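Q: First, the structure itself, so that you have it in front of you.
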Amino acid sequence: MNRIIRQLCLIIIALTVVPTAASAVDKDKRESSKVDWEPVMNAIIKVESGGRSNARNGNQCGAMQITPILVAECNNILKQKGSKKRYTLEDRFNVKKSKEMFLLIQSHHNPKNDVEKAIRSWNGGQKYSRRATQRYFEKVMSYL
């Protein structure tokens with residue numbers, strides 16, 4: 001557990017030191033502290049689908065194993081922001097659009113850019129349980 005905490009601390013430090021764009025979707029409301037989510041997204045892709053953009057598991061599809069509920073949530077967020085952009089269920093098979101959805105969810109539900117929260121909520125939803133998401137968190141961290 002101490003190893004995981006140390007790794008998480010190092011990742012958080014690295015992500016806050018290297019300023020990059022946090023979200024291509026929400027350009028006007030970015031925080032001054034920007035995060036490069038790319039390593040986190042790539043680790044999630046490895047755990048979720050082994051990198052296969054055509055992966056399917058029940059109603060979860062694509063490299064990031066996105067559900068129809070997450071697509072609907074992204075569209076609700078876009079609607080609230082006054083954007084005309086919308087995602088389709090087919091967009092789950094497009095890695096670029098899947099990453100856009102991840103970034104949109106993080107910008108809306110994780111404005112403090114908490115890496116641990118991002119990983120755990122991707123697996124367990126916004127009301128995730130630490131215990132229920134522990135194994136998933138450890139797997140993703142092992143790729144970081």
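Letters A, B, ... mark the chains of the structure tokens in the order given; residue numbers begin at 1 per chain; ligand numbers begin at 1, in order shown.
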Among segment 64-126 of chain A, which ones does DSSP place in alpha helix (DSSP H), written as JSON, numbers by chain?
A: {"A": [68, 69, 70, 71, 72, 73, 74, 75, 76, 77, 78, 79, 80, 95, 96, 97, 98, 99, 100, 101, 102, 103, 104, 105, 106, 107, 108, 109, 115, 116, 117, 118, 119, 120, 121, 122, 123, 124]}
Q: Which polymer residues have any atom within 9 Å of an atom of Ile119 of chain A, counting only C-alpha atoms, with same-chain residues fewer than 3 positions away left out, as JSON, numbers by chain?
A: {"A": [40, 41, 44, 114, 115, 116, 122, 123, 124, 133, 136, 137, 140, 141]}
Q: May I have the residues from that selection written out with N, CA, C and O atoms, as a PDB file, in the first residue's frame?
A:
ATOM      1  N   VAL A  40      -2.805   8.712 -17.791  1.00  0.00           N
ATOM      2  CA  VAL A  40      -3.908   8.074 -17.059  1.00  0.00           C
ATOM      3  C   VAL A  40      -4.862   7.407 -18.039  1.00  0.00           C
ATOM      4  O   VAL A  40      -5.252   6.249 -17.853  1.00  0.00           O
ATOM      5  N   MET A  41      -5.214   8.111 -19.111  1.00  0.00           N
ATOM      6  CA  MET A  41      -6.125   7.535 -20.107  1.00  0.00           C
ATOM      7  C   MET A  41      -5.508   6.298 -20.747  1.00  0.00           C
ATOM      8  O   MET A  41      -6.195   5.290 -20.941  1.00  0.00           O
ATOM      9  N   ILE A  44      -5.712   3.400 -18.352  1.00  0.00           N
ATOM     10  CA  ILE A  44      -7.093   2.912 -18.289  1.00  0.00           C
ATOM     11  C   ILE A  44      -7.401   2.065 -19.524  1.00  0.00           C
ATOM     12  O   ILE A  44      -8.014   0.998 -19.422  1.00  0.00           O
ATOM     13  N   ASP A 114      -8.102  15.391  -9.522  1.00  0.00           N
ATOM     14  CA  ASP A 114      -7.613  14.351  -8.612  1.00  0.00           C
ATOM     15  C   ASP A 114      -7.466  13.049  -9.399  1.00  0.00           C
ATOM     16  O   ASP A 114      -8.457  12.477  -9.858  1.00  0.00           O
ATOM     17  N   VAL A 115      -6.225  12.591  -9.564  1.00  0.00           N
ATOM     18  CA  VAL A 115      -5.946  11.407 -10.370  1.00  0.00           C
ATOM     19  C   VAL A 115      -6.612  10.169  -9.775  1.00  0.00           C
ATOM     20  O   VAL A 115      -7.213   9.366 -10.497  1.00  0.00           O
ATOM     21  N   GLU A 116      -6.524  10.008  -8.476  1.00  0.00           N
ATOM     22  CA  GLU A 116      -7.140   8.844  -7.841  1.00  0.00           C
ATOM     23  C   GLU A 116      -8.648   8.842  -8.056  1.00  0.00           C
ATOM     24  O   GLU A 116      -9.242   7.818  -8.397  1.00  0.00           O
ATOM     25  N   TRP A 122     -13.925   6.228 -12.830  1.00  0.00           N
ATOM     26  CA  TRP A 122     -14.072   5.615 -14.159  1.00  0.00           C
ATOM     27  C   TRP A 122     -14.550   4.173 -14.017  1.00  0.00           C
ATOM     28  O   TRP A 122     -15.300   3.670 -14.833  1.00  0.00           O
ATOM     29  N   ASN A 123     -14.148   3.528 -12.939  1.00  0.00           N
ATOM     30  CA  ASN A 123     -14.534   2.141 -12.694  1.00  0.00           C
ATOM     31  C   ASN A 123     -15.833   2.035 -11.912  1.00  0.00           C
ATOM     32  O   ASN A 123     -16.685   1.210 -12.228  1.00  0.00           O
ATOM     33  N   GLY A 124     -16.007   2.872 -10.901  1.00  0.00           N
ATOM     34  CA  GLY A 124     -17.133   2.708  -9.986  1.00  0.00           C
ATOM     35  C   GLY A 124     -18.198   3.785 -10.048  1.00  0.00           C
ATOM     36  O   GLY A 124     -19.118   3.786  -9.238  1.00  0.00           O
ATOM     37  N   THR A 133     -13.329  -0.421  -5.654  1.00  0.00           N
ATOM     38  CA  THR A 133     -12.495   0.002  -6.784  1.00  0.00           C
ATOM     39  C   THR A 133     -10.998  -0.183  -6.524  1.00  0.00           C
ATOM     40  O   THR A 133     -10.181   0.179  -7.370  1.00  0.00           O
ATOM     41  N   TYR A 136      -9.032  -2.370  -9.178  1.00  0.00           N
ATOM     42  CA  TYR A 136      -8.969  -1.640 -10.443  1.00  0.00           C
ATOM     43  C   TYR A 136      -7.940  -0.509 -10.336  1.00  0.00           C
ATOM     44  O   TYR A 136      -7.102  -0.331 -11.226  1.00  0.00           O
ATOM     45  N   PHE A 137      -8.005   0.238  -9.255  1.00  0.00           N
ATOM     46  CA  PHE A 137      -7.071   1.330  -9.031  1.00  0.00           C
ATOM     47  C   PHE A 137      -5.625   0.824  -9.076  1.00  0.00           C
ATOM     48  O   PHE A 137      -4.769   1.417  -9.725  1.00  0.00           O
ATOM     49  N   VAL A 140      -4.564  -0.021 -12.718  1.00  0.00           N
ATOM     50  CA  VAL A 140      -4.273   1.172 -13.518  1.00  0.00           C
ATOM     51  C   VAL A 140      -2.952   1.791 -13.063  1.00  0.00           C
ATOM     52  O   VAL A 140      -2.107   2.149 -13.880  1.00  0.00           O
ATOM     53  N   MET A 141      -2.755   1.867 -11.764  1.00  0.00           N
ATOM     54  CA  MET A 141      -1.518   2.442 -11.229  1.00  0.00           C
ATOM     55  C   MET A 141      -0.290   1.633 -11.677  1.00  0.00           C
ATOM     56  O   MET A 141       0.776   2.200 -11.875  1.00  0.00           O
TER      57      MET A 141
END
Q: Counting only C-alpha atoms, figure out which residue out of A:Lys85, A:Ile77, A:Glu90, A:Asn59 gets nearest to Leu104 of chain A.
A: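 Ranked by minimum distance to Leu104 of chain A, first place goes to A:Ile77.
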Q: Quick check, in Å to one decimal: how far apart do atom CA of Ile45 of chain A and atom CA of Lys99 of chain A lie?
A: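 Atom-to-atom, atom CA of Ile45 of chain A and atom CA of Lys99 of chain A are spaced 9.6 Å apart.
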